[in-house]
Each structure stands twice: as C-alpha cells, then as structure tokens.
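Structure file coords34.csv (CSV, C-alpha atoms) follows.
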chain,number,residue,atom,x,y,z
V,1,MET,CA,0.0,0.0,0.0
V,2,SER,CA,1.1,3.6,-0.6
V,3,SER,CA,2.8,5.6,2.1
V,4,HIS,CA,0.9,8.8,1.4
V,5,PRO,CA,0.1,10.6,4.6
V,6,SER,CA,-3.6,10.8,5.6
V,7,PRO,CA,-5.1,14.2,4.7
V,8,ALA,CA,-5.9,16.4,7.6
V,9,LEU,CA,-9.6,16.8,8.2
V,10,GLN,CA,-10.4,20.4,9.2
V,11,ALA,CA,-13.3,21.8,11.2
V,12,PRO,CA,-16.2,23.4,9.4
V,13,ALA,CA,-15.7,27.1,8.6
V,14,ASP,CA,-19.1,27.8,10.1
V,15,PRO,CA,-19.0,26.8,13.8
V,16,GLY,CA,-22.8,26.4,13.8
V,17,ARG,CA,-22.7,23.9,11.0
V,18,LEU,CA,-22.0,20.4,12.1
V,19,PRO,CA,-20.1,17.9,9.8
V,20,MET,CA,-22.5,15.5,8.2
V,21,THR,CA,-22.3,12.0,9.7
V,22,LEU,CA,-24.1,8.7,9.1
V,23,PRO,CA,-26.3,9.1,12.2
V,24,LEU,CA,-27.3,12.6,11.0
V,25,LEU,CA,-28.2,11.2,7.5
V,26,ALA,CA,-30.4,8.5,9.1
V,27,GLU,CA,-32.0,11.2,11.2
V,28,LYS,CA,-32.8,13.2,8.1
V,29,LYS,CA,-34.5,10.2,6.6
V,30,ARG,CA,-36.5,9.7,9.8
V,31,LEU,CA,-37.6,13.3,9.8
V,32,GLY,CA,-38.3,13.4,6.1
V,33,GLU,CA,-35.7,16.1,5.5
V,34,PRO,CA,-34.4,15.8,1.9
V,35,ILE,CA,-30.7,15.0,1.5
V,36,VAL,CA,-28.7,17.0,-1.0
V,37,MET,CA,-25.8,15.2,-2.8
V,38,VAL,CA,-23.6,16.4,-5.6
V,39,THR,CA,-20.5,15.2,-7.3
V,40,ALA,CA,-17.2,17.1,-7.2
V,41,TYR,CA,-13.8,16.3,-8.8
V,42,ASP,CA,-11.5,19.2,-7.8
V,43,TYR,CA,-10.9,21.9,-5.2
V,44,PRO,CA,-13.1,24.6,-6.8
V,45,GLY,CA,-16.0,22.2,-7.1
V,46,ALA,CA,-15.6,21.1,-3.5
V,47,ARG,CA,-15.6,24.7,-2.4
V,48,ALA,CA,-18.8,25.4,-4.3
V,49,ALA,CA,-20.5,22.4,-2.7
V,50,GLU,CA,-19.2,23.4,0.7
V,51,GLU,CA,-20.5,27.0,0.4
V,52,ALA,CA,-23.8,25.8,-1.0
V,53,GLY,CA,-24.3,23.7,2.1
V,54,VAL,CA,-24.9,20.3,0.5
V,55,ASP,CA,-25.0,17.2,2.7
V,56,ILE,CA,-22.9,14.7,0.7
V,57,VAL,CA,-20.2,15.1,-1.9
V,58,LEU,CA,-19.4,12.2,-4.2
V,59,VAL,CA,-16.1,12.0,-5.9
V,60,GLY,CA,-17.7,10.1,-8.8
V,61,ASP,CA,-16.1,7.9,-11.4
V,62,SER,CA,-18.1,10.1,-13.7
V,63,ALA,CA,-14.9,12.2,-13.6
V,64,ALA,CA,-13.9,9.9,-16.5
V,65,THR,CA,-16.4,11.7,-18.8
V,66,THR,CA,-16.7,15.1,-17.1
V,67,VAL,CA,-13.0,16.0,-16.6
V,68,LEU,CA,-10.8,13.4,-18.1
V,69,GLY,CA,-12.4,13.2,-21.6
V,70,TYR,CA,-13.3,9.6,-21.8
V,71,SER,CA,-16.5,8.3,-23.4
V,72,SER,CA,-17.5,6.1,-20.5
V,73,THR,CA,-16.6,5.7,-16.8
V,74,THR,CA,-14.7,2.4,-17.1
V,75,PRO,CA,-11.2,3.9,-18.1
V,76,VAL,CA,-10.8,5.9,-15.0
V,77,SER,CA,-8.1,4.4,-12.7
V,78,LEU,CA,-7.8,4.2,-8.9
V,79,ASP,CA,-4.7,6.5,-9.2
V,80,ASP,CA,-6.9,9.0,-11.1
V,81,MET,CA,-9.6,8.8,-8.4
V,82,LEU,CA,-7.1,9.3,-5.6
V,83,VAL,CA,-5.7,12.4,-7.2
V,84,LEU,CA,-9.2,13.9,-7.7
V,85,ALA,CA,-10.4,12.8,-4.2
V,86,ARG,CA,-7.4,14.5,-2.5
V,87,ALA,CA,-8.2,17.7,-4.3
V,88,VAL,CA,-11.9,17.5,-3.2
V,89,ARG,CA,-10.9,16.7,0.4
V,90,ARG,CA,-8.9,20.0,0.6
V,91,GLY,CA,-12.0,21.9,-0.3
V,92,LEU,CA,-14.5,20.2,2.1
V,93,ARG,CA,-15.3,20.8,5.7
V,94,SER,CA,-18.9,19.8,6.5
V,95,PRO,CA,-20.3,17.5,3.8
V,96,LEU,CA,-19.9,13.8,4.0
V,97,MET,CA,-17.3,12.8,1.4
V,98,VAL,CA,-17.9,9.6,-0.5
V,99,GLY,CA,-15.5,8.1,-3.1
V,100,ASP,CA,-16.5,5.9,-6.0
V,101,LEU,CA,-14.5,2.7,-6.4
V,102,PRO,CA,-13.6,2.7,-10.1
V,103,PHE,CA,-14.1,-0.2,-12.5
V,104,GLY,CA,-11.6,-3.0,-12.0
V,105,SER,CA,-10.5,-2.0,-8.5
V,106,TYR,CA,-12.8,-4.2,-6.5
V,107,GLU,CA,-14.4,-6.9,-8.6
V,108,VAL,CA,-11.6,-9.5,-8.4
V,109,SER,CA,-11.9,-10.4,-4.7
V,110,ASP,CA,-13.1,-9.2,-1.3
V,111,GLU,CA,-9.4,-8.6,-0.4
V,112,ARG,CA,-8.8,-6.4,-3.4
V,113,ALA,CA,-12.0,-4.5,-2.6
V,114,ILE,CA,-10.9,-3.9,1.0
V,115,GLU,CA,-7.5,-2.7,-0.2
V,116,THR,CA,-9.0,-0.3,-2.6
V,117,ALA,CA,-11.5,1.1,-0.1
V,118,VAL,CA,-8.7,1.5,2.5
V,119,ARG,CA,-6.7,3.5,0.0
V,120,MET,CA,-9.6,5.8,-0.7
V,121,VAL,CA,-10.0,6.5,3.0
V,122,SER,CA,-6.4,6.6,4.1
V,123,GLU,CA,-4.8,8.4,1.1
V,124,ALA,CA,-7.6,10.6,0.0
V,125,GLY,CA,-9.7,11.3,3.1
V,126,CYS,CA,-12.9,9.7,2.0
V,127,GLU,CA,-15.3,9.0,4.8
V,128,ALA,CA,-17.2,6.3,2.9
V,129,ILE,CA,-17.0,4.6,-0.5
V,130,LYS,CA,-19.6,3.8,-3.2
V,131,MET,CA,-19.7,0.7,-5.3
V,132,GLU,CA,-22.1,-0.4,-8.0
V,133,GLY,CA,-24.3,-3.4,-8.3
V,134,GLY,CA,-26.3,-5.7,-6.1
V,135,GLY,CA,-25.4,-9.2,-7.4
V,136,PRO,CA,-23.7,-11.9,-5.4
V,137,ALA,CA,-20.2,-10.6,-6.0
V,138,ALA,CA,-21.1,-7.0,-5.2
V,139,LEU,CA,-22.8,-8.1,-2.0
V,140,SER,CA,-19.8,-10.0,-1.0
V,141,ARG,CA,-17.6,-7.0,-1.6
V,142,ALA,CA,-19.9,-4.7,0.3
V,143,ARG,CA,-20.0,-7.0,3.3
V,144,ALA,CA,-16.2,-7.3,3.3
V,145,ILE,CA,-15.7,-3.5,3.2
V,146,VAL,CA,-18.3,-2.9,5.9
V,147,GLY,CA,-16.7,-5.6,7.9
V,148,ALA,CA,-13.3,-3.8,7.6
V,149,GLY,CA,-14.9,-0.7,9.2
V,150,ILE,CA,-15.5,1.4,6.1
V,151,PRO,CA,-19.1,2.7,5.3
V,152,VAL,CA,-20.5,1.6,2.0
V,153,MET,CA,-23.0,3.4,-0.2
V,154,GLY,CA,-24.7,1.0,-2.7
V,155,HIS,CA,-25.9,1.7,-6.2
V,156,VAL,CA,-28.7,-0.1,-8.2
V,157,GLY,CA,-30.7,0.5,-11.3
V,158,LEU,CA,-28.5,1.9,-14.1
V,159,THR,CA,-25.0,1.2,-13.1
V,160,PRO,CA,-22.7,3.0,-15.5
V,161,GLN,CA,-19.7,0.6,-15.1
V,162,SER,CA,-21.8,-2.2,-16.4
V,163,ALA,CA,-24.0,-0.2,-18.8
V,164,THR,CA,-23.0,-2.4,-21.8
V,165,ALA,CA,-24.3,-5.5,-20.0
V,166,LEU,CA,-27.5,-3.6,-19.2
V,167,GLY,CA,-28.2,-2.8,-22.8
V,168,GLY,CA,-26.8,0.8,-22.8
V,169,TRP,CA,-27.4,4.0,-20.9
V,170,LYS,CA,-31.2,3.6,-20.4
V,171,ALA,CA,-33.7,3.4,-17.6
V,172,GLN,CA,-33.9,0.1,-15.7
V,173,GLY,CA,-36.8,-1.6,-14.0
V,174,ARG,CA,-39.4,-1.0,-16.7
V,175,THR,CA,-40.8,-4.6,-16.4
V,176,ALA,CA,-42.1,-6.2,-13.3
V,177,ALA,CA,-39.3,-8.7,-13.3
V,178,ALA,CA,-36.6,-6.1,-13.7
V,179,ALA,CA,-38.2,-3.9,-11.0
V,180,ALA,CA,-38.3,-6.8,-8.7
V,181,ARG,CA,-34.6,-7.5,-9.3
V,182,ILE,CA,-33.8,-3.9,-8.3
V,183,ALA,CA,-35.9,-4.3,-5.2
V,184,GLN,CA,-34.1,-7.5,-4.3
V,185,GLU,CA,-30.7,-6.0,-4.9
V,186,ALA,CA,-31.5,-2.9,-2.8
V,187,LEU,CA,-32.8,-5.0,0.1
V,188,ALA,CA,-29.8,-7.2,-0.1
V,189,LEU,CA,-27.4,-4.2,-0.1
V,190,GLN,CA,-29.2,-2.9,3.0
V,191,GLU,CA,-28.8,-6.3,4.7
V,192,ALA,CA,-25.1,-6.3,3.7
V,193,GLY,CA,-24.7,-3.2,5.8
V,194,CYS,CA,-24.8,-0.3,3.3
V,195,PHE,CA,-25.7,3.0,5.0
V,196,SER,CA,-27.4,4.4,1.9
V,197,ILE,CA,-28.3,3.3,-1.7
V,198,VAL,CA,-28.3,5.2,-4.9
V,199,PHE,CA,-31.2,4.5,-7.3
V,200,GLU,CA,-30.3,5.6,-10.9
V,201,ALA,CA,-32.7,5.8,-13.9
V,202,VAL,CA,-35.5,3.9,-12.3
V,203,PRO,CA,-39.2,4.6,-13.0
V,204,ALA,CA,-40.6,6.9,-10.4
V,205,ALA,CA,-43.5,4.6,-9.6
V,206,VAL,CA,-41.1,1.7,-9.1
V,207,THR,CA,-38.9,3.8,-6.8
V,208,GLU,CA,-41.9,4.7,-4.7
V,209,GLU,CA,-42.8,1.1,-4.2
V,210,ILE,CA,-39.3,0.0,-3.2
V,211,VAL,CA,-38.4,3.0,-1.0
V,212,ARG,CA,-41.1,2.4,1.5
V,213,ARG,CA,-39.5,-1.0,2.1
V,214,ILE,CA,-36.0,0.4,2.6
V,215,GLU,CA,-34.8,1.6,6.0
V,216,VAL,CA,-31.6,3.4,4.9
V,217,PRO,CA,-31.5,6.7,3.0
V,218,VAL,CA,-32.2,6.3,-0.7
V,219,ILE,CA,-30.6,8.9,-3.0
V,220,GLY,CA,-32.1,9.2,-6.4
V,221,ILE,CA,-30.7,10.3,-9.8
V,222,GLY,CA,-33.4,10.0,-12.4
V,223,ALA,CA,-35.5,7.9,-10.0
V,224,GLY,CA,-38.3,10.4,-9.2
V,225,PRO,CA,-39.3,12.4,-6.1
V,226,ALA,CA,-40.0,9.6,-3.6
V,227,THR,CA,-36.4,9.1,-2.6
V,228,ASP,CA,-34.9,10.5,0.6
V,229,GLY,CA,-32.5,12.8,-1.4
V,230,GLN,CA,-31.2,13.6,-4.9
V,231,VAL,CA,-27.8,13.6,-6.6
V,232,LEU,CA,-26.7,15.3,-9.8
V,233,VAL,CA,-23.4,15.4,-11.6
V,234,PHE,CA,-21.7,18.8,-11.0
V,235,HIS,CA,-21.1,19.4,-14.7
V,236,ASP,CA,-24.6,18.4,-15.6
V,237,LEU,CA,-26.4,20.8,-13.2
V,238,LEU,CA,-24.1,23.7,-14.0
V,239,GLY,CA,-23.9,23.1,-17.8
V,240,ILE,CA,-20.2,22.6,-18.0
V,241,ARG,CA,-20.4,19.9,-20.7
V,242,ASP,CA,-21.8,19.6,-24.2
V,243,GLY,CA,-25.3,18.3,-24.9
V,244,LEU,CA,-28.3,18.3,-22.7
V,245,GLY,CA,-27.5,15.1,-20.9
V,246,PRO,CA,-30.1,12.5,-19.6
V,247,ARG,CA,-33.7,13.6,-19.4
V,248,PHE,CA,-33.6,13.8,-15.5
V,249,VAL,CA,-30.9,16.6,-15.6
V,250,LYS,CA,-32.1,20.0,-14.7
V,251,ARG,CA,-29.6,22.8,-15.6
V,252,TYR,CA,-29.2,25.6,-13.1
V,253,ALA,CA,-26.5,27.4,-15.1
V,254,ASN,CA,-24.8,27.4,-18.5
V,255,ILE,CA,-21.2,27.8,-17.4
V,256,LEU,CA,-19.7,26.2,-20.5
V,257,GLU,CA,-21.1,29.0,-22.6
V,258,GLU,CA,-19.7,31.5,-20.2
V,259,MET,CA,-16.3,29.8,-20.3
V,260,THR,CA,-16.2,29.7,-24.1
V,261,ALA,CA,-17.3,33.3,-24.4
V,262,GLY,CA,-14.7,34.4,-21.8
V,263,VAL,CA,-11.8,32.7,-23.6
V,264,ALA,CA,-13.0,34.0,-27.0
V,265,ALA,CA,-13.0,37.5,-25.6
V,266,TYR,CA,-9.6,37.1,-24.2
V,267,ALA,CA,-8.2,35.7,-27.5
V,268,GLU,CA,-9.7,38.7,-29.4
V,269,ASP,CA,-8.2,41.2,-27.0
V,270,VAL,CA,-4.8,39.6,-27.4
V,271,ARG,CA,-5.0,39.6,-31.2
V,272,LEU,CA,-6.1,43.2,-31.3
V,273,ARG,CA,-3.5,44.2,-28.8
V,274,ARG,CA,-6.2,45.4,-26.3
V,275,TYR,CA,-4.7,43.2,-23.6
V,276,PRO,CA,-2.7,43.8,-21.6
V,277,GLY,CA,-3.7,47.4,-21.0
V,278,PRO,CA,-2.0,50.1,-18.8
V,279,GLU,CA,-3.9,48.8,-15.7
V,280,HIS,CA,-2.4,45.3,-16.1
V,281,VAL,CA,1.3,46.2,-16.1
V,282,TYR,CA,3.9,46.8,-13.4
V,283,LYS,CA,5.8,50.1,-13.1
V,284,ILE,CA,9.5,50.9,-12.7
V,285,ASP,CA,11.0,54.1,-11.4
V,286,PRO,CA,12.3,56.2,-14.3
V,287,ALA,CA,15.7,56.5,-12.8
V,288,GLU,CA,16.0,52.8,-12.5
V,289,LEU,CA,14.9,52.4,-16.1
V,290,GLU,CA,17.6,54.8,-17.3
V,291,GLU,CA,20.2,52.9,-15.2
V,292,LEU,CA,19.0,49.6,-16.9
V,293,ARG,CA,19.3,51.2,-20.4
V,294,SER,CA,22.9,52.4,-19.6
V,295,GLN,CA,23.8,48.9,-18.5
V,296,LEU,CA,22.3,47.3,-21.5
V,297,ALA,CA,24.1,49.7,-23.8
Target format structure tokens, applied to this file:
Amino acid sequence: MSSHPSPALQAPADPGRLPMTLPLLAEKKRLGEPIVMVTAYDYPGARAAEEAGVDIVLVGDSAATTVLGYSSTTPVSLDDMLVLARAVRRGLRSPLMVGDLPFGSYEVSDERAIETAVRMVSEAGCEAIKMEGGGPAALSRARAIVGAGIPVMGHVGLTPQSATALGGWKAQGRTAAAAARIAQEALALQEAGCFSIVFEAVPAAVTEEIVRRIEVPVIGIGAGPATDGQVLVFHDLLGIRDGLGPRFVKRYANILEEMTAGVAAYAEDVRLRRYPGPEHVYKIDPAELEELRSQLA
C-alpha cells in the first residue's frame, strides 16, 4: 500500500454547521428532510459544494467523462480517483465525502475490494465509499468492506460501469421482473450493511414502491421524487459539458457557454493588442529604467 500521509480533516468554517455523519443522515430520513448530494472532482467544485451547504459530496467515477475526456466511466483508474479525491478533500469541511470505487478496482476479490477502499480512505480522506451493483459478487464486496470498518453506499438501477451489459445507458426496472430484481438488490445491499443506496434511472413509480421497504436513506438520480434525497453530476447541473445530458438533468446554469465566451473575448483582445492594458502592467522608477538602459548599452 502507498505511504501517502492521511489528509488532515479540518473543522467546518461555520462553527454552527456540524459535519455530516451517518447518524445525521439516518435522522434526516426519519424526519423526512431531503438529502442533497452532488459530485465534485476538484478543489473549486468542492468549495462550491461546501459553500452551498450540500449534505454529501461524491467523488464520482463520472470524472472519466466530465473532466478526463473519456466516453465512459470504465477507463478511470484508482490512481486517477485518488488524485481527484485528495483535491476535493482539501476543499470540504462539512459535507460527508464519499468516493467511488472505479471499475476493475474491487471486482476480483473481497481482499482487493478492501485494499481499494482503504486507500480511498487513508490516502484521499474519503469517509465512505460507493460501489455499483447488487449481485452476489457486489454483495460479498460490500459485506467485506463494511466488515473492515468502512461505510459503503450501494448503487442499483442503471450502473454505468456495467451499462453495456444492461443494454446501454437507459432506464432500468421497466418490467415487473426487472423492477423486482432492483428491489431484491436494494434490500440485499441494506442487509449487507450499506448505509445508503443510490437509485439511478428507475421509473418513479417503481422507486416509490421500493423506497417504502428500505430503511436506509435512498438517493435518487433520475428515480423520481419519492427518494430521501437527490444527486446530480456537478457538470450536468451547471452546464459545464456539451449536450443536454439525460432527461432527468435540470440545468441551473450554463457555465460552458460563459467559459467559451470568456476565452474567446480574451483571445480577441490579445490579437487586437487590447490586452494587456495600462492597468495590467507593473511600473519601474524612471531613474532605475535609465540605469538599466545604460547597463544594456
């Protein structure tokens, strides 16, 4: 295992705001208080989530498509995730920080899964990990990681790491049999010790039927309003990527357009020699400048 020092966890900037914990999440579910979750992949994104007062920040393997330029989530490596998670850790104080286990980092064995989870916690400062799937292998990995003392968030429905096997990036649980399988997986993950479960791209009516049978907080993404909370990808909700994204995405800004316009304006100013202007340059005392000229001569 790596010898990276464990990141220092800092107290919240607002003394009145308590750090989010698993008991507090369970209490929010009991009280019916919606849980807010968002992804982040770097320090600025973490600071935005912190200042916005979200409850959970997920360092998602969606970083593969949002910030690393891949066409799917599977190419992102554990080393990639550790770099991104350490950056997010530096920007967070209060939200619970969860790290995705990337494809290929936990499927081989329970021992490999524990080792990967330990690295996400010890090297990057994650307080919990998330892993996809609810089949026999995933359940075994979840039990093993929980048994090692690391909280696990489950993930059912559309699981991007296995999207090809599921028939592509599309809603899951649209037949009674498929919906029953999602329910079985969610209940099994709960039984395995998961503190929360993500439902992705599941029909709202199916989610509503299952959630009432789940005791741990359920976080939805394209799973309707019956869940205990919602999660969206940072770049989707802020419009920092091309295209409209899945139908469940609501855009709250169009930052990519602003970024492109800003860079284009800068490029035009440089080409027309409008930048830098007098207000952007440093001064030198005239006597010092004359001395420099004499030395150069």
Would you list the contacts of region 112-126 of chain V as a PDB file with C-alpha atoms, in the coordinates of the input, taking every protein, DNA or RNA residue within 7 Å and counting all atoms listed in the file, but skipping same-chain residues closer than 2 positions in sequence?
ATOM      1  CA  HIS V   4       0.900   8.800   1.400  1.00  0.00           C
ATOM      2  CA  PRO V   5       0.100  10.600   4.600  1.00  0.00           C
ATOM      3  CA  SER V   6      -3.600  10.800   5.600  1.00  0.00           C
ATOM      4  CA  PRO V   7      -5.100  14.200   4.700  1.00  0.00           C
ATOM      5  CA  LEU V  82      -7.100   9.300  -5.600  1.00  0.00           C
ATOM      6  CA  ALA V  85     -10.400  12.800  -4.200  1.00  0.00           C
ATOM      7  CA  ARG V  86      -7.400  14.500  -2.500  1.00  0.00           C
ATOM      8  CA  ARG V  89     -10.900  16.700   0.400  1.00  0.00           C
ATOM      9  CA  MET V  97     -17.300  12.800   1.400  1.00  0.00           C
ATOM     10  CA  VAL V  98     -17.900   9.600  -0.500  1.00  0.00           C
ATOM     11  CA  GLY V  99     -15.500   8.100  -3.100  1.00  0.00           C
ATOM     12  CA  SER V 105     -10.500  -2.000  -8.500  1.00  0.00           C
ATOM     13  CA  TYR V 106     -12.800  -4.200  -6.500  1.00  0.00           C
ATOM     14  CA  GLU V 107     -14.400  -6.900  -8.600  1.00  0.00           C
ATOM     15  CA  VAL V 108     -11.600  -9.500  -8.400  1.00  0.00           C
ATOM     16  CA  SER V 109     -11.900 -10.400  -4.700  1.00  0.00           C
ATOM     17  CA  ASP V 110     -13.100  -9.200  -1.300  1.00  0.00           C
ATOM     18  CA  ALA V 128     -17.200   6.300   2.900  1.00  0.00           C
ATOM     19  CA  ILE V 129     -17.000   4.600  -0.500  1.00  0.00           C
ATOM     20  CA  ARG V 141     -17.600  -7.000  -1.600  1.00  0.00           C
ATOM     21  CA  ALA V 144     -16.200  -7.300   3.300  1.00  0.00           C
ATOM     22  CA  ILE V 145     -15.700  -3.500   3.200  1.00  0.00           C
TER      23      ILE V 145
END
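Using only C-alpha atoms for every distance, the candidate list V:Thr21, V:Thr227, V:Ser140, V:Gln190 yields V:Thr227 as the residue closest to Pro203 (chain V).
Minimum atom-to-atom distances from V:Arg241, V:Ala46, V:Ile219, V:Glu257 to Gly69 (chain V) were compared using all atoms listed in the file, and the lowest value belongs to V:Arg241.
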Non-local contacts of Leu187 (chain V) (10 Å; only C-alpha atoms; under 4 positions in same chain excluded) as a count of residues only: 14
Asp242 (chain V) surroundings by all atoms listed in the file, 10 Å radius, close-in-sequence under 2 positions cut, as a PyMOL selection string: chain V and resi 66+235-236+239-240+244-245+256-257
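Closest approach to Ala186 (chain V) from the set V:Met20, V:Ala226, V:Val54, V:Ala138 is made by V:Ala138, with distances taken over only C-alpha atoms.
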Leu24 (chain V) environment, 12 Å, all atoms listed in the file, sequence neighbours closer than 4 positions dropped, as a PyMOL selection string: chain V and resi 18-20+28-31+33-35+55-56+94-96+195+216-217
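The spacing separating CA of Val88 (chain V) from CA of Phe248 (chain V) amounts to 25.2 Å.
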Nearest candidate to Ala48 (chain V) (options V:Gly32, V:Glu185, V:Phe234, V:Phe199; using only C-alpha atoms): V:Phe234
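You can rank V:Val249, V:Met81, V:Ala137, V:Ala179 by their closest distance to Glu209 (chain V) using only C-alpha atoms, and at the top of that list sits V:Ala179.
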Among the residues V:Ala223, V:Leu232, V:Met153, V:Leu189, the one that comes closest to Gly173 (chain V) [using only C-alpha atoms]: V:Ala223
Within 8 Å of Asp100 (chain V) using only C-alpha atoms, minus same-chain residues under 6 positions, as a ChimeraX atom specification: /V:58-61,81,129-131
